[in-house]
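K.L.:
Got model21.txt for you, compact mmCIF, C-alpha atoms:
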# COMPACT_ATOMS: atom_id res chain seq x y z
CA MET A 1334 8.68 1.72 25.77
CA SER A 1335 8.05 4.19 22.99
CA ALA A 1336 9.42 3.65 19.52
CA GLY A 1337 12.98 4.81 19.07
CA ALA A 1338 13.60 5.25 22.80
CA ILE A 1339 16.12 2.44 22.65
CA GLY A 1340 19.04 2.75 20.24
CA GLY A 1341 19.77 0.54 17.29
CA ASP A 1342 22.99 -1.11 16.27
CA SER A 1343 23.89 0.82 13.13
CA HIS A 1344 26.46 2.85 15.10
CA TRP A 1345 28.56 -0.32 15.19
CA PRO A 1346 31.31 -0.27 12.54
CA LEU A 1347 30.36 -1.21 8.99
CA TRP A 1348 32.12 -4.27 7.48
CA GLU A 1349 32.29 -5.35 3.87
CA VAL A 1350 31.80 -9.09 3.37
CA PHE A 1351 33.58 -11.13 0.69
CA THR A 1352 32.75 -14.77 -0.03
CA GLN A 1353 34.74 -17.48 -1.75
CA GLY A 1354 32.24 -19.83 -3.37
CA ASN A 1355 34.56 -22.79 -3.86
CA GLN A 1356 38.15 -23.69 -3.14
CA GLY A 1357 40.45 -21.95 -5.58
CA GLU A 1358 37.93 -19.33 -6.70
CA PRO A 1359 38.42 -15.60 -6.16
CA PHE A 1360 36.67 -13.80 -3.32
CA GLU A 1361 33.67 -11.75 -4.35
CA HIS A 1362 31.92 -8.88 -2.60
CA ALA A 1363 28.63 -10.07 -1.10
CA GLY A 1364 27.40 -7.05 0.87
CA SER A 1365 27.95 -5.33 4.16
CA LEU A 1366 26.83 -5.49 7.78
CA HIS A 1367 27.27 -3.82 11.14
CA ALA A 1368 29.20 -5.59 13.92
CA THR A 1369 31.12 -4.68 17.05
CA ASP A 1370 34.38 -6.39 16.06
CA ALA A 1371 35.91 -8.75 13.50
CA GLU A 1372 34.80 -11.96 15.21
CA HIS A 1373 31.22 -10.69 15.52
CA ALA A 1374 31.34 -9.58 11.88
CA LEU A 1375 32.43 -13.06 10.76
CA GLN A 1376 29.59 -14.75 12.64
CA ASN A 1377 27.01 -12.32 11.29
CA ALA A 1378 28.45 -12.66 7.78
CA ARG A 1379 27.99 -16.43 7.96
CA ASP A 1380 24.35 -16.06 9.02
CA VAL A 1381 23.48 -13.32 6.53
CA TYR A 1382 25.52 -14.25 3.45
CA ALA A 1383 26.17 -18.00 3.69
CA ARG A 1384 22.99 -19.76 4.76
CA ARG A 1385 23.05 -22.13 1.79
CA GLY A 1386 26.67 -23.10 1.38
CA GLU A 1387 27.43 -20.00 -0.70
CA ALA A 1388 30.92 -19.81 0.81
CA VAL A 1389 33.82 -21.99 1.86
CA ASN A 1390 35.72 -18.93 3.13
CA LEU A 1391 34.75 -15.45 4.25
CA TRP A 1392 36.60 -12.15 4.53
CA VAL A 1393 35.28 -9.26 6.57
CA VAL A 1394 36.97 -5.91 6.08
CA PRO A 1395 36.19 -2.64 7.88
CA SER A 1396 34.53 -0.50 5.21
CA SER A 1397 36.67 2.44 6.37
CA ALA A 1398 39.81 0.49 5.37
CA ILE A 1399 38.81 0.33 1.70
CA THR A 1400 40.14 2.93 -0.71
CA ALA A 1401 38.21 3.04 -3.97
CA SER A 1402 38.92 4.68 -7.32
CA ALA A 1403 36.76 7.69 -8.06
CA PRO A 1404 34.06 7.04 -10.69
CA GLY A 1405 34.43 10.58 -12.03
CA ASP A 1406 38.08 10.00 -12.86
CA ALA A 1407 37.56 6.55 -14.36
CA GLY A 1408 38.44 7.79 -17.87
CA PRO A 1409 41.89 9.27 -17.24
CA PHE A 1410 42.63 6.81 -14.43
CA PHE A 1411 42.24 3.69 -16.59
CA ASP A 1412 43.46 5.30 -19.80
CA PRO A 1413 47.02 3.99 -19.57
CA GLY A 1414 45.66 0.44 -19.93
CA ASN A 1415 43.10 1.18 -22.63
CA ASP A 1416 45.32 2.47 -25.42
CA LYS A 1417 47.82 -0.41 -25.50
CA ALA A 1418 46.43 -2.83 -28.02
CA TYR A 1419 49.80 -4.56 -28.19
CA ARG A 1420 49.11 -6.10 -24.78
CA HIS A 1421 46.50 -8.36 -26.36
CA PRO A 1422 47.29 -11.48 -28.41
CA GLN A 1423 44.97 -10.31 -31.22
CA PHE A 1424 47.50 -7.56 -31.97
CA TYR A 1425 49.90 -10.15 -33.41
CA LYS A 1426 49.61 -12.00 -36.71
CA VAL A 1427 50.14 -15.72 -37.02
CA PRO A 1428 51.47 -16.94 -40.41
CA ARG A 1429 48.87 -18.49 -42.70
CA GLY A 1430 48.86 -22.25 -42.55
CA VAL A 1431 49.43 -22.48 -38.80
CA LYS A 1432 46.17 -24.09 -37.71
CA VAL A 1433 46.84 -24.86 -34.10
CA PHE A 1434 48.71 -22.31 -32.11
CA MET B 412 5.99 12.69 1.05
CA ASP B 413 9.28 14.58 0.68
CA PRO B 414 9.55 17.24 3.38
CA LYS B 415 12.56 18.91 1.77
CA PRO B 416 12.24 20.76 -1.53
CA THR B 417 14.06 19.13 -4.41
CA PRO B 418 17.17 21.10 -5.32
CA GLN B 419 17.68 22.38 -8.83
CA GLU B 420 20.07 19.95 -10.55
CA ASP B 421 22.93 20.98 -12.80
CA PRO B 422 21.49 20.40 -16.31
CA ALA B 423 24.79 19.08 -17.70
CA LEU B 424 25.21 16.52 -14.90
CA LEU B 425 21.58 15.52 -15.19
CA ALA B 426 21.88 15.02 -18.95
CA ALA B 427 25.02 12.90 -18.49
CA PHE B 428 23.26 10.83 -15.83
CA GLU B 429 20.21 10.24 -18.01
CA ALA B 430 22.46 9.30 -20.94
CA ARG B 431 24.15 6.67 -18.78
CA ILE B 432 20.75 5.29 -17.73
CA ALA B 433 19.58 5.22 -21.35
CA ALA B 434 22.75 3.33 -22.30
CA GLY B 435 21.84 0.67 -19.75
CA GLU B 436 24.69 1.44 -17.37
CA SER B 437 24.25 0.79 -13.69
CA ILE B 438 24.63 3.56 -11.15
CA GLU B 439 26.99 2.91 -8.24
CA PRO B 440 27.02 4.58 -4.79
CA LYS B 441 29.83 7.06 -5.51
CA ASP B 442 28.47 8.11 -8.92
CA TRP B 443 26.73 11.44 -9.29
CA MET B 444 22.94 11.07 -9.14
CA PRO B 445 20.06 13.55 -8.95
CA GLU B 446 18.74 14.14 -5.46
CA ARG B 447 15.30 12.92 -6.61
CA TYR B 448 16.81 9.61 -7.71
CA ARG B 449 18.54 9.21 -4.34
CA ARG B 450 15.31 10.01 -2.45
CA GLN B 451 13.08 7.81 -4.56
CA LEU B 452 15.48 4.90 -4.13
CA THR B 453 15.80 5.48 -0.39
CA ARG B 454 12.01 5.49 -0.11
CA MET B 455 11.51 2.44 -2.28
CA MET B 456 14.37 0.37 -0.84
CA SER B 457 13.57 1.14 2.79
CA GLN B 458 9.89 0.28 2.26
CA HIS B 459 11.02 -2.95 0.64
CA ALA B 460 13.38 -3.75 3.55
CA HIS B 461 10.67 -2.97 6.11
CA SER B 462 8.31 -5.30 4.23
CA GLU B 463 10.78 -8.16 4.54
CA VAL B 464 11.15 -7.55 8.26
CA VAL B 465 7.40 -7.20 8.97
CA GLY B 466 6.85 -10.18 6.65
CA MET B 467 8.37 -12.44 9.30
CA LEU B 468 5.38 -11.89 11.60
CA PRO B 469 2.42 -13.51 9.80
CA GLU B 470 4.44 -16.71 9.31
CA GLY B 471 6.19 -16.63 12.68
CA ASN B 472 2.64 -16.92 14.02
CA TRP B 473 2.47 -20.57 12.87
CA ILE B 474 5.96 -21.95 13.64
CA THR B 475 4.95 -23.53 16.93
CA ARG B 476 1.83 -25.05 15.35
CA ALA B 477 3.34 -26.55 12.20
CA PRO B 478 1.84 -30.03 11.70
CA SER B 479 5.15 -31.81 11.05
CA LEU B 480 8.85 -31.35 11.67
CA ARG B 481 9.43 -31.05 7.90
CA ARG B 482 6.99 -28.14 7.62
CA LYS B 483 8.35 -26.56 10.78
CA MET B 484 11.93 -26.61 9.47
CA SER B 485 10.83 -25.03 6.18
CA LEU B 486 8.93 -22.32 7.98
CA ILE B 487 11.81 -21.45 10.32
CA ALA B 488 14.22 -21.33 7.36
CA LYS B 489 11.84 -19.12 5.41
CA VAL B 490 11.35 -16.67 8.28
CA GLN B 491 15.13 -16.51 8.76
CA ASP B 492 15.49 -15.76 5.04
CA GLU B 493 13.07 -12.82 5.37
CA ALA B 494 15.28 -11.34 8.09
CA GLY B 495 18.27 -11.83 5.79
CA HIS B 496 16.45 -10.16 2.90
CA GLY B 497 15.69 -7.18 5.11
CA LEU B 498 19.40 -6.93 5.93
CA TYR B 499 20.51 -7.17 2.27
CA ILE B 500 18.24 -4.31 1.31
CA TYR B 501 18.98 -2.14 4.36
CA CYS B 502 22.67 -2.52 3.56
CA GLY B 503 21.95 -1.48 -0.02
CA THR B 504 20.02 1.55 1.27
CA GLU B 505 22.95 2.58 3.46
CA THR B 506 25.09 2.98 0.33
CA LEU B 507 22.84 5.98 -0.44
CA GLY B 508 24.16 7.68 2.68
CA VAL B 509 21.35 7.00 5.14
CA ASP B 510 21.63 5.42 8.57
CA ARG B 511 19.83 2.11 8.90
CA PHE B 512 18.54 2.93 12.35
CA ASP B 513 17.03 6.20 11.14
CA LEU B 514 15.02 4.14 8.66
CA TYR B 515 14.18 1.48 11.20
CA ARG B 516 13.01 4.12 13.66
CA GLN B 517 10.49 5.27 11.05
CA LEU B 518 9.17 1.73 10.89
CA LEU B 519 8.94 1.48 14.67
CA ASP B 520 7.12 4.79 15.11
CA GLY B 521 4.70 4.03 12.29
CA THR B 522 5.72 6.75 9.83
CA ALA B 523 7.30 4.37 7.27
CA LYS B 524 5.24 2.29 4.89
CA TYR B 525 5.59 -1.40 4.15
CA SER B 526 3.73 -3.83 1.93
CA SER B 527 0.03 -3.81 2.81
CA ILE B 528 -0.18 -7.61 2.44
CA PHE B 529 1.44 -8.14 5.84
CA ASN B 530 -1.39 -6.36 7.61
CA TYR B 531 -3.70 -9.30 6.94
CA PRO B 532 -3.97 -12.00 9.61
CA THR B 533 -2.90 -15.63 9.17
CA LEU B 534 -5.97 -17.41 10.47
CA ALA B 535 -5.35 -20.99 9.34
CA TRP B 536 -2.47 -23.34 8.60
CA ALA B 537 -3.35 -23.19 4.89
CA ASP B 538 -2.29 -19.54 4.96
CA MET B 539 1.34 -20.72 5.24
CA GLY B 540 1.00 -22.43 1.88
CA VAL B 541 -0.97 -19.63 0.25
CA ILE B 542 1.48 -16.95 1.40
CA GLY B 543 4.39 -18.88 -0.10
CA TRP B 544 2.51 -19.54 -3.33
CA LEU B 545 0.74 -16.20 -3.90
CA VAL B 546 2.56 -13.60 -1.79
CA ASP B 547 6.09 -14.84 -2.47
CA GLY B 548 4.99 -15.66 -6.02
CA ALA B 549 3.95 -12.03 -6.52
CA ALA B 550 7.16 -10.83 -4.87
CA ILE B 551 9.22 -12.94 -7.29
CA VAL B 552 7.50 -11.38 -10.32
CA ASN B 553 8.28 -7.94 -8.94
CA GLN B 554 11.82 -8.72 -7.79
CA THR B 555 12.91 -10.54 -10.95
CA VAL B 556 12.43 -7.24 -12.76
CA LEU B 557 14.02 -5.24 -9.94
CA ALA B 558 17.13 -7.39 -10.36
CA LYS B 559 17.70 -5.28 -13.50
CA THR B 560 17.10 -1.95 -11.77
CA SER B 561 19.53 0.86 -12.56
CA TYR B 562 20.98 1.16 -9.04
CA GLY B 563 23.74 -1.46 -8.67
CA PRO B 564 23.50 -2.29 -4.95
CA TYR B 565 19.70 -2.73 -5.18
CA ALA B 566 19.99 -4.93 -8.26
CA ARG B 567 22.62 -7.14 -6.62
CA ALA B 568 20.52 -7.54 -3.46
CA MET B 569 17.58 -8.59 -5.68
CA VAL B 570 19.61 -11.25 -7.48
CA ARG B 571 20.50 -12.77 -4.13
CA ILE B 572 16.90 -12.56 -2.89
CA CYS B 573 15.35 -14.06 -6.03
CA LYS B 574 17.43 -17.22 -5.64
CA GLU B 575 16.06 -17.71 -2.14
CA GLU B 576 12.46 -16.77 -2.96
CA ASN B 577 12.14 -19.74 -5.26
CA PHE B 578 12.38 -22.01 -2.22
CA HIS B 579 9.67 -19.91 -0.53
CA LYS B 580 7.27 -20.26 -3.42
CA ARG B 581 7.94 -23.95 -4.00
CA GLN B 582 7.42 -24.96 -0.38
CA GLY B 583 4.19 -22.92 -0.31
CA TYR B 584 2.79 -24.40 -3.49
CA GLU B 585 3.69 -27.91 -2.34
CA LEU B 586 1.83 -27.25 0.90
CA CYS B 587 -1.22 -26.04 -1.08
CA ALA B 588 -1.09 -29.05 -3.40
CA THR B 589 -0.95 -31.38 -0.38
CA LEU B 590 -4.02 -29.77 1.20
CA ALA B 591 -5.80 -29.76 -2.17
CA ALA B 592 -5.39 -33.55 -2.33
CA GLY B 593 -6.47 -33.96 1.30
CA THR B 594 -9.74 -34.30 3.20
CA PRO B 595 -12.79 -32.14 2.42
CA ALA B 596 -11.96 -30.04 5.51
CA GLN B 597 -8.39 -29.48 4.29
CA ARG B 598 -9.64 -28.51 0.82
CA ALA B 599 -12.14 -26.09 2.36
CA MET B 600 -9.41 -24.54 4.53
CA LEU B 601 -7.23 -24.04 1.44
CA GLN B 602 -10.04 -22.52 -0.61
CA ASP B 603 -10.94 -20.12 2.21
CA SER B 604 -7.32 -19.03 2.46
CA VAL B 605 -7.07 -18.42 -1.30
CA ASN B 606 -10.31 -16.43 -1.12
CA ARG B 607 -8.78 -14.17 1.53
CA PHE B 608 -5.32 -13.70 -0.06
CA TRP B 609 -6.05 -13.49 -3.80
CA TRP B 610 -7.10 -9.83 -3.99
CA PRO B 611 -4.54 -8.56 -1.46
CA ALA B 612 -1.86 -10.40 -3.50
CA LEU B 613 -2.95 -8.55 -6.67
CA MET B 614 -2.77 -5.27 -4.74
CA MET B 615 0.88 -5.97 -3.85
CA PHE B 616 1.89 -4.57 -7.25
CA GLY B 617 0.57 -1.18 -6.23
CA PRO B 618 -2.07 1.07 -7.75
CA SER B 619 -2.68 1.18 -11.46
CA ASP B 620 0.02 3.24 -13.16
CA THR B 621 -2.46 5.91 -14.09
CA ASP B 622 -2.93 6.48 -10.32
CA SER B 623 0.67 5.87 -9.24
CA PRO B 624 2.33 9.24 -8.68
CA ASN B 625 5.90 7.93 -8.80
CA SER B 626 5.72 5.54 -11.74
CA ALA B 627 6.70 7.78 -14.66
CA GLU B 628 9.88 9.07 -13.10
CA LEU B 629 10.89 5.68 -11.74
CA LEU B 630 10.43 4.12 -15.17
CA ARG B 631 12.40 6.88 -16.90
CA TRP B 632 15.33 6.38 -14.54
CA ARG B 633 14.95 2.61 -14.89
CA VAL B 634 14.50 2.13 -11.18
CA LYS B 635 11.39 0.28 -12.29
CA ARG B 636 11.56 -1.64 -15.56
CA LYS B 637 7.88 -2.59 -15.92
CA THR B 638 4.67 -0.88 -14.89
CA ASN B 639 2.62 -2.09 -11.93
CA ASP B 640 -0.14 -3.22 -14.30
CA GLU B 641 2.26 -5.19 -16.51
CA LEU B 642 3.67 -7.02 -13.51
CA ARG B 643 0.22 -7.72 -12.10
CA GLN B 644 -0.91 -9.19 -15.42
CA ARG B 645 2.20 -11.35 -15.60
CA PHE B 646 1.50 -12.69 -12.11
CA VAL B 647 -2.12 -13.52 -12.96
CA ASN B 648 -1.08 -15.28 -16.17
CA LEU B 649 1.44 -17.39 -14.26
CA THR B 650 -0.87 -18.19 -11.37
CA VAL B 651 -4.17 -19.18 -13.03
CA PRO B 652 -2.78 -22.45 -14.47
CA GLN B 653 -1.18 -23.24 -11.10
CA ALA B 654 -4.58 -22.82 -9.40
CA GLN B 655 -6.23 -25.01 -12.04
CA ALA B 656 -3.58 -27.71 -11.57
CA ILE B 657 -4.49 -28.19 -7.91
CA GLY B 658 -8.23 -27.60 -8.33
CA VAL B 659 -8.47 -24.31 -6.45
CA THR B 660 -10.92 -21.60 -7.54
CA LEU B 661 -9.68 -18.01 -7.71
CA PRO B 662 -12.37 -15.75 -6.21
CA ASP B 663 -13.04 -13.65 -9.30
CA PRO B 664 -16.23 -14.31 -11.29
CA ASP B 665 -14.93 -12.07 -14.10
CA LEU B 666 -11.70 -14.01 -14.64
CA ARG B 667 -11.49 -15.16 -18.28
CA PHE B 668 -8.89 -15.96 -20.89
CA ASP B 669 -8.63 -13.52 -23.76
CA PRO B 670 -7.40 -15.46 -26.81
CA GLU B 671 -6.45 -12.20 -28.58
CA THR B 672 -4.01 -10.91 -25.97
CA LYS B 673 -3.33 -14.34 -24.40
CA ASN B 674 -3.94 -12.71 -21.03
CA TRP B 675 -6.14 -13.83 -18.17
CA VAL B 676 -8.42 -10.82 -17.78
CA PHE B 677 -9.39 -10.21 -14.19
CA GLY B 678 -12.15 -8.22 -12.48
CA ALA B 679 -11.92 -4.76 -10.91
CA ILE B 680 -9.75 -4.39 -7.82
CA ASP B 681 -11.27 -2.70 -4.77
CA TRP B 682 -8.64 -0.01 -4.24
CA SER B 683 -10.52 1.57 -1.35
CA GLU B 684 -9.48 -1.44 0.72
CA PHE B 685 -5.83 -0.98 -0.34
CA TYR B 686 -5.79 2.68 0.68
CA GLU B 687 -7.44 1.92 4.03
CA VAL B 688 -4.77 -0.68 4.83
CA ILE B 689 -1.97 1.69 3.71
CA LYS B 690 -3.42 4.39 5.97
CA GLY B 691 -3.07 2.06 8.94
CA ASN B 692 -6.61 0.70 9.12
CA GLY B 693 -5.87 -2.87 8.02
CA PRO B 694 -6.78 -5.79 10.26
CA CYS B 695 -3.28 -6.12 11.78
CA ASN B 696 -1.42 -2.80 11.39
CA GLN B 697 -1.29 -2.07 15.12
CA GLU B 698 -0.44 -5.64 16.05
CA ARG B 699 2.47 -5.73 13.57
CA LEU B 700 3.96 -2.48 14.81
CA ALA B 701 3.56 -3.51 18.43
CA ALA B 702 5.34 -6.80 17.70
CA ARG B 703 8.25 -5.02 15.98
CA ASN B 704 8.61 -2.56 18.85
CA ARG B 705 8.51 -5.35 21.40
CA ALA B 706 11.17 -7.33 19.51
CA HIS B 707 13.35 -4.24 19.28
CA ASP B 708 12.99 -3.45 22.99
CA GLU B 709 13.55 -7.04 24.05
CA GLY B 710 16.68 -7.21 21.90
CA ARG B 711 18.22 -4.32 23.77
CA TRP B 712 20.23 -6.50 26.15
CA VAL B 713 21.71 -8.42 23.21
CA ARG B 714 22.96 -5.21 21.60
CA GLU B 715 24.29 -3.97 24.91
CA ALA B 716 26.01 -7.28 25.65
CA ALA B 717 27.69 -7.30 22.21
CA THR B 718 28.93 -3.74 22.75
CA ALA B 719 30.20 -4.57 26.27
CA HIS B 720 31.94 -7.73 25.03
CA GLN B 721 33.77 -5.76 22.36
CA ALA B 722 34.86 -3.11 24.90
CA LYS B 723 36.17 -5.81 27.24
CA GLN B 724 38.08 -7.57 24.45
CA ALA B 725 39.60 -4.28 23.32
CA ALA B 726 40.65 -3.41 26.91
CA ARG B 727 42.30 -6.83 27.32
CA SER B 728 44.28 -6.54 24.13
CA THR B 729 45.48 -3.08 25.22
CA GLU B 730 46.60 -4.53 28.58
CA ALA B 731 48.40 -7.39 26.88
CA ALA B 732 50.28 -5.02 24.58
As structure tokens, what does this structure read like?
P.N.:
Amino acid sequence: MSAGAIGGDSHWPLWEVFTQGNQGEPFEHAGSLHATDAEHALQNARDVYARRGEAVNLWVVPSSAITASAPGDAGPFFDPGNDKAYRHPQFYKVPRGVKVF
Amino acid sequence: MDPKPTPQEDPALLAAFEARIAAGESIEPKDWMPERYRRQLTRMMSQHAHSEVVGMLPEGNWITRAPSLRRKMSLIAKVQDEAGHGLYIYCGTETLGVDRFDLYRQLLDGTAKYSSIFNYPTLAWADMGVIGWLVDGAAIVNQTVLAKTSYGPYARAMVRICKEENFHKRQGYELCATLAAGTPAQRAMLQDSVNRFWWPALMMFGPSDTDSPNSAELLRWRVKRKTNDELRQRFVNLTVPQAQAIGVTLPDPDLRFDPETKNWVFGAIDWSEFYEVIKGNGPCNQERLAARNRAHDEGRWVREAATAHQAKQAARSTEAA
């Protein structure tokens, strides 16, 4: 059979894989993979991203279901949070003499 | 190499991009990037992914003949890791907007390049140790720096890979040390293997930067962070004491320590051999490609079965609804 005569598997949907390293920790993006359905994606995710106990839990999410912020608009988009210094504890003064707060 | 002409980039966008690179920022898939950057990364990352996948073959050759269960388990785990590394990097390459199978097809039909080291045969059991020690050792030197590359998905894949490569190198060096402390025949087998792999391992870093057409641009865009020659020197400096520790001779009569630079100065590399192997005339090029094509063809039923299973499950859930 000549090269390329038989199709690959990259037409299968793309899934984003998230791993939780330990109980109680947040889930973190590990990478992506192709799989036919969610169950298949979970099995592949275990074999590709958790061969050494890197995860106690896995999420697989169809990549098409993720909506991301646009890098080009990052400035104006995150601005409302950047100019409010009063949301940080350092904004407030503690009277002199208070050692432990 | 590039069939399409490079489009003229918007100077303002290009300047902003280069300023971000200079500030040490990492570039993410949706960020604006020059077409040349995208193409160079696609080329580099896909060649890297192909190398991981082809890299399974020389070691797969010895799984059934491993001398103990311990060594056999290590070898199977290592080969499985190489498949995983290929997948990490292919998935990183897909974030640049290419289809993995388009890249893989180029590997199967012989138009894509991969690391020349995997076109050398594994003739003896000692090669399993020497590949882990020297080949994975060289890969670690290269990949540790690539973990700081400017393209985020590539850098993150490298961080993951570097953690696993340390196991590859350690198991290989342990195997070498065991043979080095063995019978005269085992020591001779090890020395012969080192003699065959030393120079090809040095060539893994690529041609000298003065002869490497892509280096300047890749360095400027911080895709590469060190030159090929710097990385090669670092590898030699790390490896010479390891060879001395197990009593193995590196096959280079010109190898000497320079107290001024604190470098191990090595002899001239025969680049004509490198270019022959890259062109497809290495000892195993045809065998490697044939093996990849066979594996792909023989895996067809698995892909078809997975697709059919999904269709059946989907039909059932529609019926149930």
K.L.:
Could you check the closest approach to chain A for each of B:Arg450, B:Arg714, B:Arg431, B:His461 and tell me which residue wins, using only C-alpha atoms?
P.N.:
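For chain A, the nearest of the candidates is B:Arg714.
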K.L.:
Give me the residues near B:Ala717 as a PyMOL selection string, where near means some atom within 10 Å (using only C-alpha atoms) and where sequence neighbours in that chain fewer than 3 positions away do not count.
P.N.:
(chain A and resi 1342+1345+1368-1370+1373) or (chain B and resi 712-714+720-723)
K.L.:
Under the rule that all atoms listed in the file are counted, which of B:Asn692, B:Gln517, B:Thr672, B:Thr555 is the nearest residue to chain A?
P.N.:
B:Gln517
K.L.:
Could you give me, as JSON lines, every chain B residue with an atom at most 8 Å from chain A, plus its closest atom pair and distance in Å to one decimal, counting only C-alpha atoms, rows ordered by chain then number?
P.N.:
{"residue": "B:Lys441", "atom": "CA", "partner": "A:Pro1404", "partner_atom": "CA", "distance": 6.7}
{"residue": "B:Asp442", "atom": "CA", "partner": "A:Pro1404", "partner_atom": "CA", "distance": 6.0}
{"residue": "B:Gly495", "atom": "CA", "partner": "A:Val1381", "partner_atom": "CA", "distance": 5.5}
{"residue": "B:Leu498", "atom": "CA", "partner": "A:Val1381", "partner_atom": "CA", "distance": 7.6}
{"residue": "B:Tyr499", "atom": "CA", "partner": "A:Gly1364", "partner_atom": "CA", "distance": 7.0}
{"residue": "B:Cys502", "atom": "CA", "partner": "A:Ser1365", "partner_atom": "CA", "distance": 6.0}
{"residue": "B:Gly503", "atom": "CA", "partner": "A:Gly1364", "partner_atom": "CA", "distance": 7.8}
{"residue": "B:Asp510", "atom": "CA", "partner": "A:Ser1343", "partner_atom": "CA", "distance": 6.9}
{"residue": "B:Arg511", "atom": "CA", "partner": "A:Ser1343", "partner_atom": "CA", "distance": 6.0}
{"residue": "B:Phe512", "atom": "CA", "partner": "A:Gly1341", "partner_atom": "CA", "distance": 5.6}
{"residue": "B:Arg516", "atom": "CA", "partner": "A:Gly1337", "partner_atom": "CA", "distance": 5.5}
{"residue": "B:Leu519", "atom": "CA", "partner": "A:Ala1336", "partner_atom": "CA", "distance": 5.3}
{"residue": "B:Asp520", "atom": "CA", "partner": "A:Ala1336", "partner_atom": "CA", "distance": 5.1}
{"residue": "B:Asn704", "atom": "CA", "partner": "A:Ala1336", "partner_atom": "CA", "distance": 6.3}
{"residue": "B:His707", "atom": "CA", "partner": "A:Ile1339", "partner_atom": "CA", "distance": 8.0}
{"residue": "B:Asp708", "atom": "CA", "partner": "A:Ile1339", "partner_atom": "CA", "distance": 6.7}
{"residue": "B:Arg711", "atom": "CA", "partner": "A:Ile1339", "partner_atom": "CA", "distance": 7.2}
{"residue": "B:Arg714", "atom": "CA", "partner": "A:Asp1342", "partner_atom": "CA", "distance": 6.7}
{"residue": "B:Ala717", "atom": "CA", "partner": "A:Thr1369", "partner_atom": "CA", "distance": 6.7}
{"residue": "B:Thr718", "atom": "CA", "partner": "A:Thr1369", "partner_atom": "CA", "distance": 6.2}
{"residue": "B:Gln721", "atom": "CA", "partner": "A:Thr1369", "partner_atom": "CA", "distance": 6.0}
K.L.:
Between B:Met614, B:Leu649, B:Ala523, B:Ala430, single out the one closest to B:Trp544, counting all atoms listed in the file.
P.N.:
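Of the candidates, the smallest distance to B:Trp544 is held by B:Leu649.
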K.L.:
Please determine, counting all atoms listed in the file, which residue among A:Asn1415, A:Asn1377, A:Lys1432, A:Val1389 has the shortest atom-to-atom distance to A:Thr1352.
P.N.:
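Checking each of A:Asn1415, A:Asn1377, A:Lys1432, A:Val1389 against A:Thr1352, counting all atoms listed in the file, the winner is A:Val1389.
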K.L.:
With distances taken over all atoms listed in the file, which of B:Ala627, B:Val659, B:Ala592, B:Ile572 is nearest to B:Glu493?
P.N.:
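Among the listed residues, B:Ile572 lies closest to B:Glu493.
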K.L.:
Leaving out B:Leu590 and any residue of its chain fewer than 3 positions from it, which residues lie within 10 Å of it when counting only C-alpha atoms, given as a ChimeraX atom specification?
P.N.:
/B:536-537,540,584-587,593-602,657
K.L.:
Rounded to one decimal place, report the atom CA of B:Met539-atom CA of B:Glu470 distance in Å.
P.N.:
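That distance, rounded to one decimal, is 6.5 Å.
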